[in-house]
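Report on the following structure.
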Amino acid sequence: MPDTLRRRTVLLTGASLLAVYAGTRSYARTITGGIPWMPGPGDAPTDTGALKFFTSDEAAFIDAAVARLIPADDFGPGAKEAGVTTFLDRQLAGPYGHAETWYMGGPWHDGTKSQGYQSRLTPAALYRTAIKAIDDHCRQAFGGKSFSTLSPDQQDSVLTDLEKGKFKIEGIGPHAVEIEGAKEDSFFSVLMQNTIEGFFSDPMYGGNRDMIGWKLIGFPGAHYDYRPYIGQHGKKLPIEPVGLRGRPGWTPHQS
Amino acid sequence: MKALYSLFIVFLALTPWLRAQAADTSASRVARGRALATAGDCVACHTADKGKPFAGGRPIETPFGVIYSPNITPDRDTGIGGWSDEQFYRAMHEGVGPSGRHLYPAFPYPYFTKATHDDVSAIRAYLDTLEPVKNARKEPKLTWPLNWRYLLHGWNWLYFDEGTFKANAQKSPEWNRGAYLVQGLGHCGACHTQRNFVGGEKTSQALEGGLLQGWFAPNLTNDKRAGIGAWSTDDIVDYLKTGRNSHSGATGLMAEVVTDSTSKLAPSDLHAIATYLKDQPGHPQDVSPLQGSPTLAAGRAIYRDSCSACHQYDGKGVPQLFSPLVGSALLQSRDHTTAIRVVLEGARTAPTDARPTTSAMPAYGWKLSDAEVAAVLTYAGNSWGNATPEVTAGDVKTVRDRLQVEHDH
Amino acid sequence: MAKKLPAVDVVLVGFGWTGAMIGEELTAAGLRTVALERGGWRDTSTDFAVTFAQDELRYMWRGHLFQEPAHQTLSFRNDSNQTALPLRHLGSFLPASGVGGAGVHWNGQTWRFLPTDFVMRSHNEQRYGAAALPQDMTVQDWGVTYDELEPFYDKFEYLCGIAGKAGNLKGVKQDGGNPFEGPRARDFPNPPLEMAYGPTLFGQAARDTGHAPFPCPAANMSRAYTNPLGVMLAPCTYCGFCEKFGCGNNSKSSPQTTILPVLMRRDNFELRTESEVVRINMDSTGKRATGVTYVDTQGNEYEQPAEMVFLCAYILHNVHLLLLSGIGTPYDPRTGQGVVGRNYAYQVVSSVDVFLGDKILNPFVGAGALGVGIDDYNGDNFDHTGLGFIGGGYLACWNTNGRPIEYHPVPKGTPKWGSKFKKAMAENYLTTATISTHGAVMANRGNFLDLDPTYRDARGRPLLRMTFDFHDNEHRMSDYLTDRAVDIAKAMKPRSINAKKRTGHYSVVPYQTTHNTGGAAMGSDPKTSFVNKYGQSWDVPNLFVMGSAVFPQNAGYNPTGTIGALTYFALDAIKKQYLKSPGPLVQL
C-alpha cells in the first residue's frame, strides 16, 4: 500500500484551521466555522511491518511457551501456529514494548495487590529479563537444557511453577497485570495476556494467522453489520470471519 | 411666480424621496449584483486565501497547465478598480481584457457571454463595494505552445459562440430563467460537459458529464441511470439548497458550489434550474447488469463486509445521511472516476444550516487493493437494478496514481 | 510568561458531553464561548471509521482513544494507612482524551436515577431508622429532586435519541417497561432495539422468578433519527464494538453525532484543541474566577479571561484542577472538614456466567446497551430490613461484548491454560450468557481525593491521589445482588454457572466501570457540598462544575443520563436567571 496515500492533504471545506498537522501530534489548533475534514485515511492503523525484537533464542522460548499455553491439538492449531511469536515480537519492538503510554516515574515500591503493576521494567525489559532467568533456571534444573528444548511435560511443569509463583524472577515485583485467577508471578500473567492478545487480535498485527483463533471459537472478526442476524436466535451464522485487511472471499475464486 | 415658487416647494419636499430613490436603486443594484455573483460563484475561483475573498491567486488546474485567477477586488493597481464598466462587460461577454488580450477560457466567458448587459453591470456594481486587496496577478504556467495567447483566436473561432441569451418562446418563463442561469452565469457545463483534447465543449453532449481536475462531474440530463432521471424537481432544489437529497449528497468540488453558491440562491431560481434540467433528455445508454462473474462474487463479499454498515445490504442506505446506492448516478456514470475517488480517499457531503450533519465516508484506499476497489464498485454498480460496465483495476490505478500526484504537491 | 488573550463570555474546560451541551446552549443565547480541550480533534470518518474501528487490540488493550498515564494519571491506595502508588497503566477505569471525551467510547447505557436516590439520607433514615446509615457513611441528599430534573432527563434523552420503553408514564405503569422508574412525561424518542437471544432468555427466566424485566435504555439508535437540533443519526448495526470504541456509522449518541455539527458552525464559538488547562485563575477576593491558564503542546502558556468558567473535563481532572488552583477547602478525612475531594465514590459490579451449552447466543452480535434488565433490587425498590445495607443496583444480561481477547468465558475450575482451557474456550464462547450486577457505592469518610505528596505528572504538578475502598455496605449489597443473579441464572437451566462475586479490597487492576463520582459534591449546605444544585460553586458564583464530580454518592446506575439532566437543568437556570443577573442561583 503506497505510503504517500497515508499523508493527509491540508484541504478543508468550510472550517478554518490554524496550524498544520505534524504527523499525528500537533500544536494547539483553533477550530472554528464548521467541522474540519480532509480526504484521506485519517487515523487508520499503519502496518507495523517486520519489526524485530527477539533474538533467535528468545523467539524459540516464546514459540515453545505459547505452544503449551494454547497448544495445537484435536481442536486445531494453537498459539504457535497462529503466529503469536511474530505478534509479540512486533509488539515488544513498538510503543507497547517500551511502555510509551505508561507512567514510568519513580519512586518504586512493590505496593499491594490492589495497586497493580509497579515494576520499573517495561514489557520489553520484562520479557528479556524473564526469558533469560527462566532459561537459566531450566539449565540448572534440567541438566543444561534451555526451556525450548525440554519435553512438553517438563515445559508444563516450569510454566506451572511460574504461574504459582514458585520461583521469583529478580527485578520483578510480585504483583502484576491481573487476569482472572492468575497467581503471584507477574511475568506469567503478562505472558498469558499477550498470548491471548496474539491469538485473538486482528491478523494485521502478526498473530491470529489465517484467523485460527477466531475460527476456534466462532468469532467472525471485523464485521460491522449484523442486522440480518439479530433475530436469528439459536442459529449458527453463515459468516466467514474477516480481518481489517479482508478475507479470502475478497479475491475472485478464493471463497 | 407663485407657480414657480410652489414648484420649488414641491421639489424641495420631493428631494429626499428622489435622493432616496436614487440611493435605493444603487443599494438594490448592488444586492442584485451580489445575488448574480453568487449564481456565478465568482468567489470560488477568484479566492485563494479565505481571509481575502475575490483577491485572486487560486491555481486553476487545466489539462494544459495551471492558471492563477486574477484579483477582482476594486484595487486600482492589482485588481479591477481601474477598469471601466465597458471593459468589465467586454471581459465577461467576449473574453477580452482591457489591453485587448484574450483571456484563457478557464475563465468561463463562453458561458458568461449569455448574461445580459444589465446583469453584468449589476455584478460590477457589487464587486465595486468589496474591500480592495493588493494581490498582483501571477502569470500562468502553461505547457508550450499553449502559453501563446494568439492561439486563442483560433480556439474562440472554433468553440466560442458569443452572444447574449435568447429566450425560447416555446418554453415557460421559468424554463427560460433556468436556461439563462444554467447556460450562463451558472456555467454548469464548464464541469458537467465533456471537453475535447483542446478543451472545447462537446456541445452535442451538453451536460452529460465531464472529467475535470480528477473528478467526474455527473450527467445532469434526464438519463435514469447516469443522470437525474429519477429525481423530481423538488429533489434537485433540495440538493442545491441543502447539499443533499434522498438520492445523493454534494461532495468534492460540488460541495464548494453548494456552500458558496447554490445554497444561497432564491428558491424560484433553484426551481427554474430544476425545471430546465428536467427537460434535457440526454442520450441514455442501454446497459444490462453484469451477472455471474467471480469478480462480482468477490465484490459482493467486500461490499457485505465493508460497505453495508452504512449503505445497507440492500443498497438503500440511510437517505439524507448515507446515500442510497440503488439508482446511484455516480456508480452508473460512463466514467467511474468520482466513484473510485470517493472509495479511495473518502468524501464528505457539504454541510449546510438546513442539513448540518456532516455525512462523511471514510477512505478505503489504504485498505483495499486496486482489484478489490474495482470488484466492489462493479458489484454495487450492477446490483439492485443498477447496471454499468465493469470497473477495472487499471481504472482504479489511474485514479490512485493521480491522487498521489495531488497529495505530493 | 502567559500570553493574555482577549476576554470571552464563557470558557469551557474540556470538550466532552457537558462541554458540547453548554457550548451549544450558551452560544445559542448569544454568548462568545471558547472550549479548551487537552486532547485532539476526533470525528467519525477520520478517527473511528467503519474501516478500522473494529480493532480490539488497538482500542481496548492499547487504549488508543484513552488518556495516557504517561501524560496524566493519579496515585491510588485503599486507605489512609497506605502509601499511594501511581496507576501506571489503565485498568479499573478508562478516562478519555480528545474531543468528545468518554462520550465517544461509552456503551450508551442511559438511565435515570430513582426519585429516592436524590434523597439518599433522609429517605433511608426515615424508612429504616438513623442507625441504618453507619457513622462513617457520609451520604447526603442532593438538594435537587427527581421531579425538578424530569424535564431535563427528557431533554437529554431526546437529544440522544435513546431507544427504550417507558415503564411509568405520568404515574401510570406501562407493561414492558421498568415499573420502578420515576414517572416520565412521555415515552422514549425511539423504540427499543431488536433483542438478542441471551438477554431474551434472561428476561424469560426473570419473569418466571417473579421479576419485571424490560429492555435497557440505549443510546444506540434503533432507527434513523433526527434530534431537536436537526442532527441526524443512523440505525445501529449491532457490530459489537461499542464500549471502548468510537462508533463508525453515526449510530451511537456522542457529542460528535448529536451536537457538534450544529455547534461548530456557530460564529460565536471557538474550539482550541491540544490546549490543557492547568489552572483556574481567581481575583484577589477569591470569590470570582477571572478565567483559566492553559498550555499548548509546545509548552506555551496562555491566559484566557472569561466571565464564566465551566469545568467540563472528566471528574478526576475537574477535582484535580480545583485542588491545584487552591479553590475551596480540601477535604481532611481526619477532621471531616473541607469539601473539595470529599465523597468520592465509584460502582461495585459483579457477574454470573451462565453456561447454557446447547443454545447459540452469538455474543458478538451486540450493541453497547443491548440488553434486558431488572430494577427490582435497585435503590430502595425492595425492603432492606435485616439485610445490613442500603441501596442496590440493576441486574442485566447484555449482548454487548463478544470481543475475544476480553471475553472467552470458561466454566469454573477450568485450567487457566493448556488443551483443556483451549477446548473450554471453543465449546463455551457461543453458548454463554453473562448476568451483570451494577451496584451503588455510598460515600464514606475514608474515600476521598486529594493531592499526592510524592508523585508528579508530566508538567511537574502533584498527581491527584485517590483513597478508596469498598466498605461493608458495598460488599453486602453486591453479594446480595450476585445471589439474586444466581437465582435467575438457575432458572435459565444452564449446564453450569460461575458466580464471580466482588471480593476483597477494591483493586485498580481489572476493568470494572468508568463511573468515578464525587469530589465536588452537590448539596444544600456549603459545609458539606462544594456546589449547589446547579453545579454552581457556593464560594465562586461564576464557577460551575459539570459531570459526576457533583454526585454526593453514586447510585446503582450508569451516570451519563443523570449528568445530562443536571447539565440541562443548570443551563435552564443560567439562561433564565444568571445571565440576567449574575450571582448565586440558590440563596442560603
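Every chain in the C-alpha cells takes a letter, A first, then B, and so on in the order presented; its residues are numbered from 1, and the ligands are numbered from 1 following the presented order.
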Residues of range 12-201 of chain C in strand (DSSP E or B), written as a ChimeraX atom specification: /C:12-13,33-36,66,74-77,85-86,96,109,137,163,168-169,172-173,184,190
Export, as a short mmCIF file (atom, residue, chain, number, x, y, z; two decimals), in the first residue's frame, the selected residues with N, CA and C atoms.
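The resulting out36.cif:
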data_model
loop_
_atom_site.label_atom_id
_atom_site.label_comp_id
_atom_site.auth_asym_id
_atom_site.auth_seq_id
_atom_site.Cartn_x
_atom_site.Cartn_y
_atom_site.Cartn_z
N LEU C 12 -14.94 26.96 28.51
CA LEU C 12 -15.27 25.58 28.87
C LEU C 12 -13.97 24.81 29.00
N VAL C 13 -13.75 24.22 30.18
CA VAL C 13 -12.56 23.40 30.39
C VAL C 13 -12.91 21.97 30.03
N THR C 33 -18.07 32.05 23.23
CA THR C 33 -17.64 30.89 24.00
C THR C 33 -16.39 30.25 23.42
N VAL C 34 -15.45 29.92 24.30
CA VAL C 34 -14.25 29.20 23.89
C VAL C 34 -14.18 27.89 24.65
N ALA C 35 -13.94 26.79 23.94
CA ALA C 35 -13.75 25.49 24.59
C ALA C 35 -12.28 25.12 24.47
N LEU C 36 -11.71 24.64 25.59
CA LEU C 36 -10.30 24.24 25.62
C LEU C 36 -10.24 22.75 25.89
N PHE C 66 -7.89 6.49 24.78
CA PHE C 66 -7.93 6.81 26.20
C PHE C 66 -6.81 7.74 26.63
N LEU C 74 -3.13 9.18 38.20
CA LEU C 74 -3.33 9.50 39.59
C LEU C 74 -2.60 8.45 40.42
N SER C 75 -2.54 8.70 41.71
CA SER C 75 -1.97 7.68 42.59
C SER C 75 -3.13 7.09 43.38
N PHE C 76 -2.93 5.88 43.83
CA PHE C 76 -4.05 5.17 44.45
C PHE C 76 -3.61 4.38 45.68
N ARG C 77 -4.52 4.34 46.65
CA ARG C 77 -4.35 3.46 47.82
C ARG C 77 -5.75 3.14 48.33
N LEU C 85 0.32 4.68 45.36
CA LEU C 85 1.27 4.46 44.27
C LEU C 85 0.60 4.80 42.93
N PRO C 86 1.40 5.16 41.94
CA PRO C 86 0.78 5.60 40.68
C PRO C 86 0.03 4.48 39.97
N ALA C 96 -11.01 9.29 28.94
CA ALA C 96 -10.68 9.55 27.54
C ALA C 96 -9.74 10.71 27.41
N GLN C 109 -25.36 3.13 27.77
CA GLN C 109 -26.40 2.72 28.73
C GLN C 109 -26.86 3.98 29.46
N MET C 137 -20.52 6.44 56.98
CA MET C 137 -21.17 6.61 55.69
C MET C 137 -21.63 8.05 55.57
N ALA C 163 -33.24 4.71 22.83
CA ALA C 163 -34.17 3.65 22.45
C ALA C 163 -34.62 2.94 23.72
N ASN C 168 -43.26 4.02 33.27
CA ASN C 168 -44.13 4.83 34.14
C ASN C 168 -44.39 6.15 33.43
N LEU C 169 -45.58 6.26 32.84
CA LEU C 169 -45.93 7.49 32.15
C LEU C 169 -46.88 8.29 33.04
N VAL C 172 -48.63 6.32 35.59
CA VAL C 172 -49.34 5.10 35.16
C VAL C 172 -48.32 4.08 34.69
N LYS C 173 -48.31 2.88 35.32
CA LYS C 173 -47.33 1.86 34.96
C LYS C 173 -47.61 1.34 33.56
N ARG C 184 -42.34 9.53 34.02
CA ARG C 184 -41.84 10.36 32.93
C ARG C 184 -43.02 10.99 32.20
N ASN C 190 -37.24 6.79 20.76
CA ASN C 190 -37.14 5.69 19.81
C ASN C 190 -37.55 4.39 20.49
#
DSSP helix (DSSP H, G or I) residues within range 53-211 of chain B, listed as an MDAnalysis selection string: chainID B and resid 85:94 109:112 117:127 151:159 173:183 189:192 203:205
Could you write out the selected residues, including N, CA and C atoms, as a short mmCIF file (atom, residue, chain, number, x, y, z; two decimals), in the first residue's frame?
data_model
loop_
_atom_site.label_atom_id
_atom_site.label_comp_id
_atom_site.auth_asym_id
_atom_site.auth_seq_id
_atom_site.Cartn_x
_atom_site.Cartn_y
_atom_site.Cartn_z
N ASP B 85 -16.70 50.26 -16.84
CA ASP B 85 -17.79 49.27 -16.88
C ASP B 85 -17.80 48.54 -18.22
N GLU B 86 -17.46 49.26 -19.29
CA GLU B 86 -17.46 48.63 -20.60
C GLU B 86 -16.36 47.57 -20.70
N GLN B 87 -15.22 47.88 -20.10
CA GLN B 87 -14.12 46.92 -20.13
C GLN B 87 -14.53 45.65 -19.37
N PHE B 88 -15.23 45.86 -18.24
CA PHE B 88 -15.69 44.70 -17.47
C PHE B 88 -16.68 43.88 -18.30
N TYR B 89 -17.60 44.58 -18.97
CA TYR B 89 -18.58 43.86 -19.79
C TYR B 89 -17.89 43.10 -20.91
N ARG B 90 -16.89 43.73 -21.53
CA ARG B 90 -16.20 43.07 -22.63
C ARG B 90 -15.49 41.79 -22.17
N ALA B 91 -14.94 41.85 -20.95
CA ALA B 91 -14.28 40.65 -20.42
C ALA B 91 -15.29 39.52 -20.25
N MET B 92 -16.45 39.85 -19.68
CA MET B 92 -17.47 38.83 -19.42
C MET B 92 -18.11 38.34 -20.72
N HIS B 93 -18.30 39.28 -21.68
CA HIS B 93 -19.10 38.95 -22.86
C HIS B 93 -18.26 38.39 -23.98
N GLU B 94 -17.00 38.88 -24.11
CA GLU B 94 -16.16 38.48 -25.24
C GLU B 94 -14.91 37.72 -24.82
N TYR B 109 -15.88 32.56 -19.88
CA TYR B 109 -16.60 33.59 -20.63
C TYR B 109 -17.53 33.00 -21.70
N PRO B 110 -17.22 31.78 -22.25
CA PRO B 110 -18.19 31.21 -23.19
C PRO B 110 -19.57 31.01 -22.56
N TYR B 111 -19.65 30.97 -21.24
CA TYR B 111 -20.93 30.88 -20.56
C TYR B 111 -21.40 32.28 -20.15
N PHE B 112 -20.50 33.07 -19.59
CA PHE B 112 -20.88 34.39 -19.10
C PHE B 112 -21.33 35.30 -20.23
N HIS B 117 -26.39 42.61 -20.41
CA HIS B 117 -25.54 43.76 -20.09
C HIS B 117 -25.90 44.29 -18.71
N ASP B 118 -27.19 44.36 -18.44
CA ASP B 118 -27.65 44.90 -17.17
C ASP B 118 -27.19 44.03 -16.00
N ASP B 119 -27.29 42.73 -16.18
CA ASP B 119 -26.86 41.83 -15.12
C ASP B 119 -25.36 41.98 -14.87
N VAL B 120 -24.61 42.09 -15.95
CA VAL B 120 -23.16 42.24 -15.79
C VAL B 120 -22.84 43.55 -15.09
N SER B 121 -23.57 44.60 -15.42
CA SER B 121 -23.35 45.89 -14.74
C SER B 121 -23.63 45.76 -13.25
N ALA B 122 -24.68 45.04 -12.93
CA ALA B 122 -25.01 44.88 -11.51
C ALA B 122 -23.90 44.13 -10.79
N ILE B 123 -23.35 43.12 -11.45
CA ILE B 123 -22.24 42.37 -10.84
C ILE B 123 -21.07 43.32 -10.61
N ARG B 124 -20.80 44.16 -11.60
CA ARG B 124 -19.71 45.12 -11.47
C ARG B 124 -19.97 46.04 -10.28
N ALA B 125 -21.21 46.50 -10.17
CA ALA B 125 -21.56 47.40 -9.05
C ALA B 125 -21.29 46.71 -7.72
N TYR B 126 -21.60 45.43 -7.65
CA TYR B 126 -21.35 44.68 -6.41
C TYR B 126 -19.85 44.55 -6.15
N LEU B 127 -19.10 44.16 -7.17
CA LEU B 127 -17.66 43.96 -6.97
C LEU B 127 -16.99 45.26 -6.53
N LEU B 151 -3.10 31.88 -29.95
CA LEU B 151 -3.84 30.68 -30.33
C LEU B 151 -5.31 30.76 -29.94
N LEU B 152 -5.60 31.66 -28.97
CA LEU B 152 -6.98 31.75 -28.50
C LEU B 152 -7.91 32.29 -29.59
N HIS B 153 -7.36 33.04 -30.52
CA HIS B 153 -8.21 33.49 -31.63
C HIS B 153 -8.83 32.27 -32.30
N GLY B 154 -7.98 31.30 -32.58
CA GLY B 154 -8.45 30.09 -33.25
C GLY B 154 -9.43 29.33 -32.39
N TRP B 155 -9.08 29.21 -31.15
CA TRP B 155 -9.95 28.46 -30.24
C TRP B 155 -11.33 29.10 -30.20
N ASN B 156 -11.37 30.42 -30.04
CA ASN B 156 -12.64 31.13 -29.98
C ASN B 156 -13.43 30.93 -31.26
N TRP B 157 -12.73 30.95 -32.40
CA TRP B 157 -13.42 30.77 -33.67
C TRP B 157 -14.11 29.41 -33.72
N LEU B 158 -13.44 28.38 -33.16
CA LEU B 158 -13.99 27.04 -33.18
C LEU B 158 -15.07 26.84 -32.11
N TYR B 159 -14.80 27.34 -30.91
CA TYR B 159 -15.60 26.90 -29.77
C TYR B 159 -16.37 27.98 -29.05
N PRO B 173 -41.60 30.88 -18.91
CA PRO B 173 -40.63 31.84 -18.34
C PRO B 173 -39.72 31.17 -17.32
N GLU B 174 -40.28 30.20 -16.58
CA GLU B 174 -39.45 29.54 -15.57
C GLU B 174 -38.34 28.72 -16.25
N TRP B 175 -38.69 28.01 -17.31
CA TRP B 175 -37.71 27.24 -18.07
C TRP B 175 -36.62 28.16 -18.58
N ASN B 176 -37.03 29.31 -19.13
CA ASN B 176 -36.07 30.24 -19.70
C ASN B 176 -35.16 30.81 -18.63
N ARG B 177 -35.71 31.08 -17.46
CA ARG B 177 -34.87 31.57 -16.37
C ARG B 177 -33.84 30.51 -16.00
N GLY B 178 -34.31 29.27 -15.93
CA GLY B 178 -33.39 28.17 -15.62
C GLY B 178 -32.32 28.04 -16.69
N ALA B 179 -32.74 28.15 -17.97
CA ALA B 179 -31.77 28.04 -19.06
C ALA B 179 -30.76 29.17 -18.98
N TYR B 180 -31.26 30.37 -18.70
CA TYR B 180 -30.38 31.54 -18.59
C TYR B 180 -29.31 31.29 -17.54
N LEU B 181 -29.74 30.73 -16.38
CA LEU B 181 -28.79 30.51 -15.28
C LEU B 181 -27.84 29.35 -15.60
N VAL B 182 -28.39 28.25 -16.11
CA VAL B 182 -27.55 27.08 -16.35
C VAL B 182 -26.56 27.33 -17.48
N GLN B 183 -27.05 27.91 -18.58
CA GLN B 183 -26.17 28.14 -19.74
C GLN B 183 -25.26 29.33 -19.51
N GLY B 189 -22.02 23.68 -17.40
CA GLY B 189 -21.35 22.89 -18.41
C GLY B 189 -19.84 22.93 -18.33
N ALA B 190 -19.31 23.93 -17.64
CA ALA B 190 -17.85 24.02 -17.53
C ALA B 190 -17.29 22.78 -16.88
N CYS B 191 -18.06 22.16 -15.98
CA CYS B 191 -17.64 20.89 -15.38
C CYS B 191 -18.45 19.73 -15.94
N HIS B 192 -19.76 19.96 -16.11
CA HIS B 192 -20.66 18.85 -16.40
C HIS B 192 -20.78 18.52 -17.88
N THR B 203 -20.61 20.08 -27.57
CA THR B 203 -21.97 20.59 -27.39
C THR B 203 -23.05 19.55 -27.63
N SER B 204 -22.76 18.54 -28.44
CA SER B 204 -23.78 17.53 -28.68
C SER B 204 -24.03 16.68 -27.44
N GLN B 205 -23.11 16.76 -26.47
CA GLN B 205 -23.29 16.01 -25.23
C GLN B 205 -23.39 16.96 -24.04
#
Proximal residues of chain A relative to chain B (only C-alpha atoms; 6 Å) as a PyMOL selection string: chain A and resi 39-41+223-225+249-252
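We find CA of Ala555 in chain C and CA of Leu133 in chain C to be spaced 15.3 Å apart.
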Spatial neighbours of Pro389 in chain B, 8 Å, only C-alpha atoms, chain gap at least 2 places, as a count of residues only: 6
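Between chain B and the candidates C:Gly167, C:Gly182, C:Gly230, C:Gly91, the tightest atom-to-atom separation, counting only C-alpha atoms, involves C:Gly230.
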Chain A contacts on chain C, only C-alpha atoms, 6 Å, as number ranges by chain: C: 46-47, 54, 57, 68-70, 88-89, 196-197, 237-239, 264-265, 270-275, 296-297, 359-361, 405, 417-419, 426, 429, 507-509
Go ahead and save the residues from that selection, with N, CA and C atoms, as a compact mmCIF listing (two decimals), in the first residue's frame.
# COMPACT_ATOMS: atom_id res chain seq x y z
N THR C 46 -12.77 9.96 10.33
CA THR C 46 -11.31 10.06 10.33
C THR C 46 -10.69 9.32 11.51
N ASP C 47 -11.42 9.19 12.62
CA ASP C 47 -10.80 8.64 13.82
C ASP C 47 -11.38 7.31 14.29
N GLN C 54 -13.05 -1.55 14.28
CA GLN C 54 -13.24 -2.87 14.88
C GLN C 54 -11.89 -3.52 15.18
N LEU C 57 -7.47 -4.92 19.80
CA LEU C 57 -6.14 -4.70 20.37
C LEU C 57 -5.85 -3.21 20.50
N GLU C 68 -3.53 8.85 28.39
CA GLU C 68 -2.27 8.14 28.56
C GLU C 68 -1.71 8.44 29.94
N PRO C 69 -1.53 7.43 30.80
CA PRO C 69 -0.97 7.69 32.13
C PRO C 69 0.38 8.40 32.07
N ALA C 70 1.14 8.19 31.00
CA ALA C 70 2.43 8.88 30.89
C ALA C 70 2.22 10.38 30.93
N ARG C 88 -0.07 3.04 36.90
CA ARG C 88 0.92 3.12 35.84
C ARG C 88 0.37 2.80 34.47
N HIS C 89 -0.61 1.92 34.39
CA HIS C 89 -1.36 1.82 33.15
C HIS C 89 -2.82 1.60 33.50
N ALA C 196 -31.41 -9.55 21.42
CA ALA C 196 -30.61 -10.75 21.15
C ALA C 196 -31.13 -11.91 22.00
N TYR C 197 -30.56 -13.09 21.73
CA TYR C 197 -31.12 -14.31 22.32
C TYR C 197 -30.84 -14.41 23.82
N THR C 237 -26.00 -1.08 13.85
CA THR C 237 -25.88 -2.31 13.08
C THR C 237 -25.39 -3.47 13.94
N TYR C 238 -25.49 -3.33 15.26
CA TYR C 238 -25.16 -4.42 16.19
C TYR C 238 -23.75 -4.98 15.96
N CYS C 239 -22.81 -4.08 15.74
CA CYS C 239 -21.47 -4.54 15.38
C CYS C 239 -20.71 -5.15 16.55
N MET C 264 -20.34 23.62 15.91
CA MET C 264 -19.10 24.06 15.27
C MET C 264 -19.35 25.12 14.20
N ARG C 265 -20.57 25.26 13.72
CA ARG C 265 -20.87 26.25 12.69
C ARG C 265 -21.18 27.62 13.28
N GLU C 270 -15.59 28.95 19.48
CA GLU C 270 -14.23 28.59 19.05
C GLU C 270 -13.75 27.42 19.90
N LEU C 271 -13.17 26.44 19.24
CA LEU C 271 -12.59 25.29 19.94
C LEU C 271 -11.09 25.34 19.79
N ARG C 272 -10.37 25.17 20.87
CA ARG C 272 -8.90 25.02 20.80
C ARG C 272 -8.55 23.65 21.34
N THR C 273 -7.95 22.85 20.48
CA THR C 273 -7.53 21.51 20.91
C THR C 273 -6.06 21.52 21.31
N GLU C 274 -5.61 20.39 21.84
CA GLU C 274 -4.24 20.30 22.36
C GLU C 274 -3.92 21.48 23.28
N SER C 275 -4.92 21.89 24.03
CA SER C 275 -4.77 23.02 24.95
C SER C 275 -5.20 22.56 26.33
N ASP C 296 -0.15 24.86 25.56
CA ASP C 296 -0.23 24.05 24.34
C ASP C 296 0.89 23.01 24.35
N THR C 297 0.95 22.18 23.29
CA THR C 297 1.92 21.09 23.32
C THR C 297 3.35 21.57 23.12
N LYS C 359 -27.37 -23.68 23.53
CA LYS C 359 -28.07 -22.63 22.79
C LYS C 359 -27.06 -21.64 22.24
N ILE C 360 -27.13 -21.39 20.95
CA ILE C 360 -26.17 -20.47 20.33
C ILE C 360 -26.65 -19.04 20.52
N LEU C 361 -25.85 -18.27 21.24
CA LEU C 361 -26.25 -16.92 21.64
C LEU C 361 -25.59 -15.81 20.81
N ILE C 405 -10.51 -11.20 23.03
CA ILE C 405 -9.40 -11.04 23.97
C ILE C 405 -9.96 -10.79 25.36
N TRP C 417 -4.79 -22.45 31.34
CA TRP C 417 -4.08 -22.57 30.06
C TRP C 417 -3.99 -24.04 29.69
N GLY C 418 -3.55 -24.31 28.48
CA GLY C 418 -3.39 -25.70 28.04
C GLY C 418 -4.55 -26.17 27.20
N SER C 419 -4.53 -27.44 26.88
CA SER C 419 -5.54 -28.01 25.98
C SER C 419 -6.94 -27.94 26.55
N ALA C 426 -13.37 -22.99 23.14
CA ALA C 426 -14.05 -23.35 21.90
C ALA C 426 -15.49 -23.78 22.16
N TYR C 429 -17.74 -20.35 23.98
CA TYR C 429 -17.79 -18.96 23.52
C TYR C 429 -19.16 -18.57 23.00
N SER C 507 -9.61 -3.05 43.71
CA SER C 507 -8.33 -3.09 43.01
C SER C 507 -8.43 -2.27 41.74
N VAL C 508 -7.38 -1.51 41.43
CA VAL C 508 -7.38 -0.71 40.20
C VAL C 508 -7.04 -1.56 38.98
N VAL C 509 -6.78 -2.85 39.18
CA VAL C 509 -6.27 -3.64 38.06
C VAL C 509 -7.33 -4.08 37.06
May I have a table of the residues of chain C lying at most 9 Å from chain B, giving each one's closest pair of atoms and their distance in Å to one decimal, counting only C-alpha atoms, ordered by chain and ascending residue number, as a tab-separated table?
residue	atom	partner	partner_atom	distance
C:Thr44	CA	B:Ala360	CA	8.0
C:Ser45	CA	B:Pro362	CA	4.7
C:Thr46	CA	B:Pro362	CA	6.5
C:Ala49	CA	B:Pro362	CA	6.0
C:Val50	CA	B:Ser306	CA	7.4
C:Thr51	CA	B:Ser306	CA	6.9
C:Ala224	CA	B:Val318	CA	7.2
C:Gly230	CA	B:Pro356	CA	7.2
C:Val231	CA	B:Thr357	CA	5.2
C:Met232	CA	B:Thr357	CA	6.0
C:Leu233	CA	B:Leu321	CA	7.9
C:Ala234	CA	B:Val318	CA	6.8
C:Pro235	CA	B:Val318	CA	8.3
C:Cys236	CA	B:Ala309	CA	8.5
C:Thr237	CA	B:Ala309	CA	6.3
C:Cys239	CA	B:Ala309	CA	8.6
C:Gly248	CA	B:Ala309	CA	8.6
C:Asn249	CA	B:Cys310	CA	6.2
C:Asn250	CA	B:Ser359	CA	8.8
C:Thr257	CA	B:Thr357	CA	7.9
C:Thr258	CA	B:Thr357	CA	8.7
C:Leu260	CA	B:Thr357	CA	8.7
C:Pro261	CA	B:Thr357	CA	5.4
C:Val262	CA	B:Pro356	CA	6.0
C:Arg265	CA	B:Asp353	CA	8.2
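Note that CA of Leu330 in chain B and CA of Ile236 in chain B are 15.5 Å apart.
What separates CA of Leu387 in chain C from CA of Tyr511 in chain C is a distance of 28.1 Å.
Nearest to Arg137 in chain B of all the residues B:Gly79, B:Gly200, B:Pro74, B:Gly249 is B:Gly79, counting only C-alpha atoms.
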Contact residues around Pro213 in chain C with only C-alpha atoms at 6 Å, ignoring same-chain residues under 3 positions, as a ChimeraX atom specification: /C:203,373-374
Near-Val66 in chain B list (10 Å; only C-alpha atoms; drop same-chain fewer than 2 positions) as a VMD selection string: chain B and resid 58 to 64 68 to 69 106 139 to 143
